[in-house]
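Pasting input37.cif here (mmCIF, C-alpha atoms):
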```cif
data_my_file
loop_
_atom_site.label_atom_id
_atom_site.label_comp_id
_atom_site.auth_asym_id
_atom_site.auth_seq_id
_atom_site.Cartn_x
_atom_site.Cartn_y
_atom_site.Cartn_z
CA MET A 13 -28.87 28.87 -75.32
CA ASN A 14 -32.08 29.29 -73.36
CA SER A 15 -31.86 31.84 -70.61
CA ALA A 16 -32.87 30.87 -67.09
CA PRO A 17 -34.74 33.48 -65.01
CA HIS A 18 -31.67 34.28 -62.94
CA HIS A 19 -29.29 34.70 -65.88
CA VAL A 20 -27.83 38.10 -66.72
CA LYS A 21 -29.40 39.77 -69.76
CA ARG A 22 -27.51 41.87 -72.29
CA GLU A 23 -29.42 45.05 -71.43
CA GLU A 24 -28.09 44.87 -67.85
CA ILE A 25 -24.46 45.26 -68.94
CA ILE A 26 -23.36 48.86 -69.30
CA ASP A 27 -20.38 50.10 -71.28
CA TYR A 28 -17.03 49.80 -69.52
CA GLN A 29 -16.49 53.56 -69.25
CA THR A 30 -19.80 54.20 -67.50
CA TYR A 31 -19.18 51.17 -65.30
CA SER A 32 -15.73 52.51 -64.33
CA GLU A 33 -17.36 55.68 -62.98
CA ILE A 34 -19.59 53.75 -60.55
CA ARG A 35 -17.33 50.73 -59.98
CA ASP A 36 -16.32 51.45 -56.36
CA GLU A 37 -19.92 51.76 -55.21
CA ILE A 38 -20.92 48.54 -57.01
CA ARG A 39 -17.85 46.67 -55.76
CA ASP A 40 -18.64 47.47 -52.11
CA GLU A 41 -22.16 46.10 -52.51
CA ILE A 42 -20.99 42.94 -54.30
CA MET A 43 -18.41 42.19 -51.61
CA LYS A 44 -21.23 42.24 -49.04
CA ILE A 45 -23.29 39.88 -51.21
CA LYS A 46 -20.34 37.51 -51.64
CA THR A 47 -19.60 37.27 -47.91
CA SER A 48 -22.51 34.94 -47.12
CA ARG A 49 -21.87 32.92 -50.29
CA ARG A 50 -18.20 32.14 -49.53
CA ILE A 51 -18.04 28.84 -47.67
CA HIS A 52 -14.84 27.23 -46.40
CA LEU A 53 -14.71 23.46 -46.03
CA GLY A 54 -11.62 22.15 -44.30
CA GLN A 55 -8.13 23.45 -44.87
CA TYR A 56 -8.05 23.58 -48.68
CA LEU A 57 -11.54 24.09 -50.10
CA THR A 58 -13.42 27.36 -50.63
CA PHE A 59 -16.80 27.36 -52.37
CA LEU A 60 -17.90 30.65 -53.93
CA PHE A 61 -21.61 30.40 -54.69
CA GLU A 62 -22.72 32.73 -57.45
CA ASN A 63 -25.95 34.57 -58.09
CA HIS A 64 -27.28 37.05 -60.62
CA GLU A 65 -25.55 40.05 -59.05
CA THR A 66 -22.14 38.41 -58.57
CA ILE A 67 -22.13 37.15 -62.15
CA LYS A 68 -23.23 40.54 -63.51
CA TYR A 69 -20.36 42.08 -61.55
CA GLN A 70 -17.88 39.58 -63.02
CA ILE A 71 -19.08 40.33 -66.55
CA GLN A 72 -18.73 44.07 -65.92
CA GLU A 73 -15.26 43.55 -64.49
CA ILE A 74 -14.02 41.51 -67.46
CA THR A 75 -15.46 43.92 -70.02
CA ARG A 76 -13.83 46.79 -68.12
CA ALA A 77 -10.45 45.05 -67.82
CA GLU A 78 -10.45 44.12 -71.50
CA ARG A 79 -12.14 47.37 -72.62
CA THR A 80 -14.64 45.28 -74.54
CA VAL A 81 -16.88 47.13 -76.98
CA ARG A 82 -17.57 44.53 -79.67
CA GLU A 83 -21.13 43.25 -79.21
CA SER A 84 -20.27 39.63 -80.05
CA SER A 85 -17.53 39.64 -77.38
CA ILE A 86 -19.92 41.02 -74.75
CA GLN A 87 -22.51 38.38 -75.68
CA GLU A 88 -19.85 35.68 -75.40
CA GLU A 89 -18.86 36.83 -71.90
CA ILE A 90 -22.51 36.84 -70.84
CA ALA A 91 -22.99 33.28 -72.12
CA VAL A 92 -19.84 31.99 -70.42
CA TYR A 93 -20.60 33.56 -67.06
CA ASN A 94 -24.31 32.65 -67.14
CA SER A 95 -23.30 29.01 -67.57
CA LEU A 96 -21.66 29.21 -64.13
CA LEU A 97 -25.05 29.95 -62.58
CA GLY A 98 -26.61 26.75 -63.82
CA ASN A 99 -30.23 26.46 -64.88
CA LYS A 100 -33.62 26.25 -63.22
CA GLY A 101 -33.37 24.63 -59.81
CA GLN A 102 -29.58 24.80 -59.69
CA LEU A 103 -27.02 26.60 -57.59
CA GLY A 104 -23.68 27.27 -59.24
CA CYS A 105 -20.36 27.83 -57.58
CA ALA A 106 -16.67 28.09 -58.19
CA LEU A 107 -14.56 25.84 -56.02
CA LEU A 108 -11.08 27.04 -55.21
CA ILE A 109 -8.64 24.36 -54.11
CA GLU A 110 -6.19 26.48 -52.16
CA ILE A 111 -2.84 24.83 -51.55
CA PRO A 112 -0.49 27.52 -50.23
CA GLU A 113 2.82 25.72 -50.66
CA GLU A 114 3.94 25.51 -54.30
CA LYS A 115 5.86 22.28 -53.64
CA ASP A 116 2.67 20.59 -52.40
CA ARG A 117 0.33 21.81 -55.15
CA ARG A 118 1.02 19.39 -57.99
CA PRO A 119 1.37 16.27 -55.79
CA LEU A 120 -1.91 16.99 -54.01
CA LEU A 121 -3.83 17.87 -57.19
CA THR A 122 -2.57 14.58 -58.63
CA ALA A 123 -3.47 12.59 -55.50
CA TRP A 124 -6.93 14.17 -55.45
CA LEU A 125 -8.01 13.01 -58.92
CA GLY A 126 -11.69 12.17 -58.60
CA LEU A 127 -12.28 14.72 -55.84
CA GLN A 128 -14.85 16.58 -57.98
CA GLU A 129 -17.23 13.60 -57.64
CA HIS A 130 -17.36 13.85 -53.84
CA PHE A 131 -18.85 17.29 -53.09
CA TYR A 132 -22.40 17.51 -51.85
CA LEU A 133 -24.96 19.79 -50.30
CA VAL A 134 -27.02 18.51 -47.39
CA LEU A 135 -30.78 19.09 -47.37
CA ALA A 136 -32.95 19.57 -44.29
CA ASP A 137 -34.02 15.89 -44.38
CA GLY A 138 -30.36 14.80 -44.26
CA SER A 139 -30.20 13.71 -47.89
CA ARG A 140 -27.22 14.63 -50.06
CA VAL A 141 -27.18 16.27 -53.48
CA TYR A 142 -23.87 15.70 -55.25
CA ALA A 143 -22.29 18.32 -57.49
CA GLU A 144 -22.34 18.16 -61.24
CA TYR A 145 -19.08 19.19 -62.87
CA ASP A 146 -17.54 19.75 -66.27
CA SER A 147 -15.24 16.83 -67.11
CA SER A 148 -13.01 19.17 -69.14
CA GLN A 149 -11.82 20.64 -65.81
CA VAL A 150 -10.15 17.36 -64.93
CA GLY A 151 -6.93 16.32 -66.64
CA GLU A 152 -5.63 12.79 -66.97
CA ASP A 153 -2.88 13.37 -64.45
CA ARG A 154 -4.24 16.04 -62.10
CA LEU A 155 -7.21 18.10 -61.03
CA SER A 156 -7.61 21.79 -61.85
CA ALA A 157 -7.29 24.05 -58.78
CA VAL A 158 -10.48 25.83 -59.85
CA GLN A 159 -13.63 23.84 -60.45
CA TYR A 160 -17.07 25.04 -61.58
CA LEU A 161 -19.86 23.05 -59.99
CA THR A 162 -23.65 23.04 -60.08
CA PHE A 163 -26.06 21.44 -57.65
CA SER A 164 -29.62 20.52 -58.73
CA LEU A 165 -31.92 21.09 -55.77
CA ASP A 166 -35.60 20.91 -54.87
CA SER A 167 -35.06 22.69 -51.56
CA PRO A 168 -32.38 24.91 -50.02
CA PRO A 169 -29.29 23.33 -48.46
CA VAL A 170 -28.43 23.32 -44.77
CA GLY A 171 -24.94 21.84 -45.02
CA LEU A 172 -21.96 21.24 -47.29
CA GLY A 173 -19.65 18.27 -47.39
CA CYS A 174 -17.01 16.20 -49.09
CA ASP A 175 -16.67 12.42 -48.71
CA PHE A 176 -13.32 12.06 -50.48
CA GLU A 177 -10.71 10.06 -48.56
CA ASN A 178 -8.46 12.36 -46.46
CA LEU A 179 -10.69 15.37 -47.17
CA ASN A 180 -13.78 13.90 -45.53
CA GLU A 181 -15.63 16.76 -43.84
CA GLU A 182 -19.14 18.12 -43.46
CA ILE A 183 -20.27 21.45 -42.04
CA ASP A 184 -23.59 23.05 -41.18
CA LEU A 185 -24.24 26.28 -43.03
CA SER A 186 -24.67 29.43 -40.96
CA LYS A 187 -28.06 31.13 -40.84
CA GLU A 188 -26.76 33.81 -43.24
CA GLN A 189 -25.41 31.21 -45.67
CA MET A 190 -28.67 29.24 -45.62
CA GLU A 191 -30.71 32.39 -46.25
CA ALA A 192 -28.44 33.53 -49.11
CA LEU A 193 -28.52 30.16 -50.88
CA ALA A 194 -32.28 29.80 -50.32
CA GLU A 195 -32.75 33.24 -51.92
CA ASP A 196 -30.54 32.28 -54.87
CA LEU A 197 -32.32 28.96 -55.39
CA SER A 198 -35.67 30.73 -55.26
CA ALA A 199 -34.47 33.16 -57.96
CA THR A 200 -33.85 30.22 -60.31
CA GLN A 201 -37.56 29.33 -60.12
CA VAL A 202 -39.04 32.73 -60.97
CA ALA A 203 -40.94 32.72 -64.26
#
```

Would you mind writing the file out in structure tokens?
Amino acid sequence: MNSAPHHVKREEIIDYQTYSEIRDEIRDEIMKIKTSRRIHLGQYLTFLFENHETIKYQIQEITRAERTVRESSIQEEIAVYNSLLGNKGQLGCALLIEIPEEKDRRPLLTAWLGLQEHFYLVLADGSRVYAEYDSSQVGEDRLSAVQYLTFSLDSPPVGLGCDFENLNEEIDLSKEQMEALAEDLSATQVA
């Protein structure tokens, strides 16, 4: 797999014991970074846009939790998490479909089949860029409550929306959100 400029490299991942010693300090910084990349759309949808630092943190967390030392396992985690970032000119995000009531979860995820085709980012000129998604995240009878999406962009977004029936909503991004996503998009272009 070719590595995009914003992908995490193996040499950036430290052993889980060393990481554990500095984890609290790193976690505080990552939570600040994530704040402007967490975007709520309507009642049920939360988009968590990822960047180099948030993905590096997730890799460190999984290797710590699983006490991973085998090199091939570390490389596998890096490859999996880097794929969430997308490639050059893409923003990657995890979408959480948050349905609080257990009794409502399955019926809604079934009723919302096809939802993954209706998410878009709005550009400054008003045009829409629809998300790309992995079809393996969608079952025949219901949608997964976690989706991994990428958006291929030429310029930073100013809004986020969904045009699926009954979940039709569009929001303007805050100044902080626009700046964070513009920074992340710019990082995908660095040679």

Please provide the set of residues having any atom within 7 Å of A:Phe61, restricted to all atoms listed in the file, with same-chain residues fewer than 5 positions apart removed, written as a list in words. Arg49, Arg50, Gly104, Cys105 and Ala106 of chain A

Using all atoms listed in the file for the distances, tell me which of A:Arg118, A:Lys68, A:Lys44, A:His52 is nearest to A:Glu23. A:Lys68

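If you look at atom CA of A:Glu83 and atom CA of A:His64, they are 20.5 Å away from each other.
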
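Applied to this file, the PyMOL selection byres ((chain A and resi 187) around 12) selects A:Ser48, A:Arg49, A:Pro168, A:Pro169, A:Val170, A:Gly171, A:Asp184, A:Leu185, A:Ser186, A:Glu188, A:Gln189, A:Met190, A:Glu191, A:Ala192, A:Leu193, A:Ala194.
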
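The interatomic distance for the pair atom CA of A:Ala16 and atom CA of A:Lys46 works out to 21.0 Å.
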
Would you pick out the contacts of stretch 24-37 of chain A at 10 Å or less, using all atoms listed in the file, so that residues sharing its chain but fewer than 4 positions from it are not included, and give the list as a VMD selection string? chain A and resid 20 41 to 42 68 to 69 71 to 81 86 to 87 90

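Taking all atoms listed in the file into account, A:Asp166 lies nearest to A:Leu103 out of the set A:Ile183, A:Ser147, A:Leu103, A:Tyr132.
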
Using the chain letters and numbers from this file, what does the PyMOL selection byres ((chain A and resi 142) around 12) select? Give the answer as a PDB file with C-alpha atoms, in the frame of the given file.
```
ATOM      1  CA  GLN A 102     -29.580  24.800 -59.690  1.00  0.00           C
ATOM      2  CA  LEU A 103     -27.020  26.600 -57.590  1.00  0.00           C
ATOM      3  CA  LEU A 127     -12.280  14.720 -55.840  1.00  0.00           C
ATOM      4  CA  GLN A 128     -14.850  16.580 -57.980  1.00  0.00           C
ATOM      5  CA  GLU A 129     -17.230  13.600 -57.640  1.00  0.00           C
ATOM      6  CA  HIS A 130     -17.360  13.850 -53.840  1.00  0.00           C
ATOM      7  CA  PHE A 131     -18.850  17.290 -53.090  1.00  0.00           C
ATOM      8  CA  TYR A 132     -22.400  17.510 -51.850  1.00  0.00           C
ATOM      9  CA  LEU A 133     -24.960  19.790 -50.300  1.00  0.00           C
ATOM     10  CA  VAL A 134     -27.020  18.510 -47.390  1.00  0.00           C
ATOM     11  CA  LEU A 135     -30.780  19.090 -47.370  1.00  0.00           C
ATOM     12  CA  SER A 139     -30.200  13.710 -47.890  1.00  0.00           C
ATOM     13  CA  ARG A 140     -27.220  14.630 -50.060  1.00  0.00           C
ATOM     14  CA  VAL A 141     -27.180  16.270 -53.480  1.00  0.00           C
ATOM     15  CA  ALA A 143     -22.290  18.320 -57.490  1.00  0.00           C
ATOM     16  CA  GLU A 144     -22.340  18.160 -61.240  1.00  0.00           C
ATOM     17  CA  TYR A 145     -19.080  19.190 -62.870  1.00  0.00           C
ATOM     18  CA  LEU A 161     -19.860  23.050 -59.990  1.00  0.00           C
ATOM     19  CA  THR A 162     -23.650  23.040 -60.080  1.00  0.00           C
ATOM     20  CA  PHE A 163     -26.060  21.440 -57.650  1.00  0.00           C
ATOM     21  CA  SER A 164     -29.620  20.520 -58.730  1.00  0.00           C
ATOM     22  CA  LEU A 165     -31.920  21.090 -55.770  1.00  0.00           C
ATOM     23  CA  PRO A 169     -29.290  23.330 -48.460  1.00  0.00           C
ATOM     24  CA  GLY A 171     -24.940  21.840 -45.020  1.00  0.00           C
ATOM     25  CA  LEU A 172     -21.960  21.240 -47.290  1.00  0.00           C
ATOM     26  CA  GLY A 173     -19.650  18.270 -47.390  1.00  0.00           C
ATOM     27  CA  CYS A 174     -17.010  16.200 -49.090  1.00  0.00           C
ATOM     28  CA  ASP A 175     -16.670  12.420 -48.710  1.00  0.00           C
TER      29      ASP A 175
END
```

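Distance check against A:Leu97 using all atoms listed in the file: of A:Ile51, A:Ala136, A:Leu60, A:Ala123, the minimum falls on A:Leu60.
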
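Each of A:Leu53, A:Ile38, A:His19, A:Glu110 was checked against A:Glu182 using all atoms listed in the file; the smallest atom-to-atom distance is that of A:Leu53.
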
Interatomic distance between atom CA of A:Glu152 and atom CA of A:Glu62? 27.9 Å

Care to translate the PyMOL selection byres ((chain A and resi 125) around 8) into actual residues of this file, as a ChimeraX atom specification? /A:121-124,126-128,150,153-155

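Nearest to A:Leu197 of all the residues A:Asn63, A:Gln70, A:Thr58, A:Asn94 is A:Asn63, based on only C-alpha atoms.
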
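Each of A:Arg82, A:Arg117, A:Arg39, A:Lys100 was compared to A:Tyr56 using all atoms listed in the file, and A:Arg117 turns out to be the nearest.
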
Because some atoms of stretch 57-72 of chain A are absent here, can you restore N, CA and C atoms and send them as an mmCIF file, keeping the file's coordinate frame?
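Once everything was written out, this is result31.cif:
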```cif
data_model
loop_
_atom_site.group_PDB
_atom_site.id
_atom_site.type_symbol
_atom_site.label_atom_id
_atom_site.label_comp_id
_atom_site.auth_asym_id
_atom_site.auth_seq_id
_atom_site.Cartn_x
_atom_site.Cartn_y
_atom_site.Cartn_z
ATOM 1 N N LEU A 57 -10.424 23.916 -49.178
ATOM 2 C CA LEU A 57 -11.540 24.090 -50.100
ATOM 3 C C LEU A 57 -12.375 25.330 -49.768
ATOM 4 N N THR A 58 -12.554 26.189 -50.764
ATOM 5 C CA THR A 58 -13.420 27.360 -50.630
ATOM 6 C C THR A 58 -14.433 27.335 -51.766
ATOM 7 N N PHE A 59 -15.701 27.348 -51.407
ATOM 8 C CA PHE A 59 -16.800 27.360 -52.370
ATOM 9 C C PHE A 59 -17.322 28.788 -52.475
ATOM 10 N N LEU A 60 -17.390 29.305 -53.690
ATOM 11 C CA LEU A 60 -17.900 30.650 -53.930
ATOM 12 C C LEU A 60 -19.201 30.521 -54.731
ATOM 13 N N PHE A 61 -20.315 30.525 -54.024
ATOM 14 C CA PHE A 61 -21.610 30.400 -54.690
ATOM 15 C C PHE A 61 -21.937 31.706 -55.392
ATOM 16 N N GLU A 62 -22.440 31.569 -56.613
ATOM 17 C CA GLU A 62 -22.720 32.730 -57.450
ATOM 18 C C GLU A 62 -24.219 32.980 -57.528
ATOM 19 N N ASN A 63 -24.565 34.235 -57.795
ATOM 20 C CA ASN A 63 -25.950 34.570 -58.090
ATOM 21 C C ASN A 63 -25.958 35.620 -59.197
ATOM 22 N N HIS A 64 -27.125 36.093 -59.531
ATOM 23 C CA HIS A 64 -27.280 37.050 -60.620
ATOM 24 C C HIS A 64 -26.357 38.257 -60.451
ATOM 25 N N GLU A 65 -26.340 38.835 -59.273
ATOM 26 C CA GLU A 65 -25.550 40.050 -59.050
ATOM 27 C C GLU A 65 -24.053 39.795 -59.103
ATOM 28 N N THR A 66 -23.591 38.676 -58.546
ATOM 29 C CA THR A 66 -22.140 38.410 -58.570
ATOM 30 C C THR A 66 -21.661 38.109 -59.979
ATOM 31 N N ILE A 67 -22.502 37.447 -60.762
ATOM 32 C CA ILE A 67 -22.130 37.150 -62.150
ATOM 33 C C ILE A 67 -22.165 38.430 -62.994
ATOM 34 N N LYS A 68 -23.171 39.267 -62.784
ATOM 35 C CA LYS A 68 -23.230 40.540 -63.510
ATOM 36 C C LYS A 68 -21.978 41.366 -63.205
ATOM 37 N N TYR A 69 -21.576 41.364 -61.951
ATOM 38 C CA TYR A 69 -20.360 42.080 -61.550
ATOM 39 C C TYR A 69 -19.127 41.517 -62.282
ATOM 40 N N GLN A 70 -19.028 40.191 -62.348
ATOM 41 C CA GLN A 70 -17.880 39.580 -63.020
ATOM 42 C C GLN A 70 -17.849 39.923 -64.510
ATOM 43 N N ILE A 71 -19.017 39.949 -65.134
ATOM 44 C CA ILE A 71 -19.080 40.330 -66.550
ATOM 45 C C ILE A 71 -18.637 41.778 -66.723
ATOM 46 N N GLN A 72 -19.132 42.659 -65.846
ATOM 47 C CA GLN A 72 -18.730 44.070 -65.920
ATOM 48 C C GLN A 72 -17.227 44.221 -65.706
#
```
